[in-house]
Every structure is written in C-alpha cells, then in structure tokens.
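Notes follow once the structure below has been shown.
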Amino acid sequence: MKKLAVLLAMVILALSMAGCSNSSSVDRQKTFEIGDKLAENQPTPTDIDYSLERYNLIRRAYWVNGQREKARTVPQPLADVPLGYCVLLTDGGAVVGNFVVDGKVTSLNSFLTPDTGYRNGNEYWMPDVDGSYGENDSGIFFFTPDGKYIEWTGIYLYSDIPFEVENPVIRIGE
C-alpha cells in the first residue's frame with residue numbers, strides 16, 4: 001500500500017510539473033505573439049540616414065589607437081548636431097565634472113561589428129576593429145564640442161537640457 005501511495009504521489013507530481021511546463025510554454029508563445037504584433041504596429045524606423053552612435057564609435061576607434069588626427073576629421077554630415085549635458089558623479093554623489101557633449105554619450109560596450117560570427121557552421125569570436133578580443137569596461141564615452149575625449153565608468157546624469165549640479169547631496173552609509 002505504501003508503494004502504491006508513493007507511486008501515485010510521483011504520478012501526480014509529474015502531471016503537475018507537465019502542466020507547469022505547458023503553461024510556461026503557452027506564456028512564452030503568447031509573449032512572442034504580442035512582441036510580433038507590437039513590432040508590426042510600431043515598426044523599427046528604416047529612414048534613419050545617419051547614426052551618431054556609429055560616428056562616436058568610429059571616432060573612438062581612431063582616438064584610442066593613437067590616430068587622433070583621423071578621429072578629428074571623421075566626416076559628420078548633419079547640419080544641426082544636438083548638444084548634450086553630462087555630469088559625472090562618484091558613488092557617494094560628489095561631482096567629478098560637468099561637460100557639454102558633442103552629440104550623445106555612447107556605451108563602451110557598443111561596437112561597429114558583432115563579436116561573434118559563423119564559419120563552416122561553427123561559432124567563433126571576431127576581433128574588434130583594432131584586432132583585440134574581449135569586453136570593454138562597463139561605462140560610457142563621449143566627445144566634447146572642442147574634440148576632447150571623455151570615458152567614464154561611474155554614475156552619470158545626461159540630458160539634452162543644459163544643467164549643472166553644483167551642490168549635490170552626498171550620502172554616507174546606508
């Protein structure tokens with residue numbers, strides 16, 4: 001009788017797990033369907049003619065590889081590049097600096113090319129434009145309007161509205 005009770009409990013457990021698995025599968029399918037519907041109703045723009053992100057990445061590739069004159073002369077055809085405003089902060093909230101940004105800030109982990117590829121059916125790591133492999137620090141970089149390069153791995157505020165943080169509240173402890 002005890003064996004029958006254990007067997008029955010195992011069957012009930014297996015059936016309930018199958019139900020959970022099926023429920024999760026249905027939820028995943030519905031999520032994909034909703035994503036497809038929203039992408040169809042709000043398609044990705046296909047009329048963007050120029051990317052400030054790629055512009056920054058190209059300039060950085062030259063800059064950090066010692067080719068600063070090339071970085072300064074990368075063509076930028078937009079007539080009215082927006083300015084941004086960035087404040088760099090320490091973990092405690094102290095201001096490290098206030099900067100005007102030429103265009104936008106860019107993630108140090110944005111790249112011009114994918115980091116992996118496929119050859120002969122096998123996945124392989126691809127080098128970055130400078131021939132190196134691996135990941136960058138988590139953080140941002142940007143250029144100032146006069147061509148200076150800033151890289152930051154901490155907390156920052158960014159806006160297209162001019163602002164300066166002069167008297168931040170510094171929190172110590174929890």
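Ordering of the structure tokens sets the chain letters (A, B, ...), residue numbers begin anew at 1 in every chain, and ligands are numbered from 1 in the order given.
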Notebook entry, point to check: Near A:Asp115, counting only C-alpha atoms, which residues have an atom at most 8 Å away, once you skip same-chain residues fewer than 3 positions from it, shown as a ChimeraX atom specification?
Noted result: /A:125-128
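Across the model, the gap from atom CA of A:Ile161 to atom CA of A:Leu89 is 17.8 Å.
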Checklist line | Distance criterion (only C-alpha atoms): nearest to A:Asn98 out of A:Pro43, A:Pro114, A:Gly84, A:Gly139 | finding: A:Gly84
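Taking only C-alpha atoms, the non-local environment of stretch 48-60 of chain A within 8 Å (same-chain residues fewer than 5 positions away omitted) comprises Lys70, Ala71, Arg72, Val74, Gln76, Leu78, Gly103, Lys104, Thr106, Ser110, Phe111, Leu112, Phe142 and Phe143 of chain A.
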Same residues, C-alpha atoms, output as a PDB file, in the first residue's frame:
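Listed below is the output, again_37.pdb:
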ATOM      1  CA  LYS A  70      41.855  60.875 -38.160  1.00  0.00           C
ATOM      2  CA  ALA A  71      39.411  60.987 -35.216  1.00  0.00           C
ATOM      3  CA  ARG A  72      39.176  64.777 -35.544  1.00  0.00           C
ATOM      4  CA  VAL A  74      35.784  61.898 -39.439  1.00  0.00           C
ATOM      5  CA  GLN A  76      29.776  64.269 -39.898  1.00  0.00           C
ATOM      6  CA  LEU A  78      24.392  66.530 -40.010  1.00  0.00           C
ATOM      7  CA  GLY A 103      26.005  64.707 -29.888  1.00  0.00           C
ATOM      8  CA  LYS A 104      25.486  61.908 -27.415  1.00  0.00           C
ATOM      9  CA  THR A 106      27.887  56.059 -26.119  1.00  0.00           C
ATOM     10  CA  SER A 110      28.686  49.291 -28.235  1.00  0.00           C
ATOM     11  CA  PHE A 111      30.600  48.027 -31.258  1.00  0.00           C
ATOM     12  CA  LEU A 112      30.669  48.601 -35.015  1.00  0.00           C
ATOM     13  CA  PHE A 142      31.730  60.965 -25.356  1.00  0.00           C
ATOM     14  CA  PHE A 143      33.463  63.819 -27.099  1.00  0.00           C
TER      15      PHE A 143
END
Notebook entry, point to check: Hey, which of A:Thr46, A:Thr153, A:Thr113, A:Ser25 ends up closest to A:Val96? Count only C-alpha atoms.
Noted result: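 Of A:Thr46, A:Thr153, A:Thr113, A:Ser25, the one nearest A:Val96 is A:Thr153, counting only C-alpha atoms.
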Next item on the list: Please indicate the distance in Å from atom CA of A:Trp152 to atom CA of A:Ser138, rounded to one decimal place.
Entry: 8.7 Å
All residues 7 Å or closer to A:Leu83, only C-alpha atoms, same chain fewer than 3 positions away omitted, as a tab-separated table (two decimals) with N, CA and C atoms, in the first residue's frame:
chain	number	residue	atom	x	y	z
A	100	VAL	N	29.83	69.54	-21.59
A	100	VAL	CA	28.95	69.66	-22.74
A	100	VAL	C	29.37	68.53	-23.68
A	101	VAL	N	28.40	67.81	-24.23
A	101	VAL	CA	28.65	66.64	-25.06
A	101	VAL	C	28.32	66.96	-26.51
A	102	ASP	N	29.25	66.62	-27.39
A	102	ASP	CA	29.02	66.77	-28.82
A	102	ASP	C	28.18	65.58	-29.29
A	103	GLY	N	26.89	65.78	-29.43
A	103	GLY	CA	26.01	64.71	-29.89
A	103	GLY	C	25.40	63.90	-28.77
A	160	ASP	N	19.54	66.52	-22.68
A	160	ASP	CA	19.72	67.49	-23.76
A	160	ASP	C	19.34	68.89	-23.27
Next item on the list: Find the spatial neighbours of A:Leu157, counting only C-alpha atoms, within a cut-off of 10 Å - ignore same-chain residues fewer than 3 positions away - and output them as an MDAnalysis selection string.
Entry: chainID A and resid 85:89 98 163:165
Next item on the list: If you run DSSP over the backbone, which residues in chain A end up strand (DSSP E or B)? Put them as an MDAnalysis selection string.
Entry: chainID A and resid 83:89 95:102 106:107 116:119 122:125 140:143 149:152 155:159
Checklist line | Option closest in space to A:Gly134, from A:Asp47, A:Gly93, A:Ala39, A:Thr116 [counting only C-alpha atoms] | finding: A:Thr116
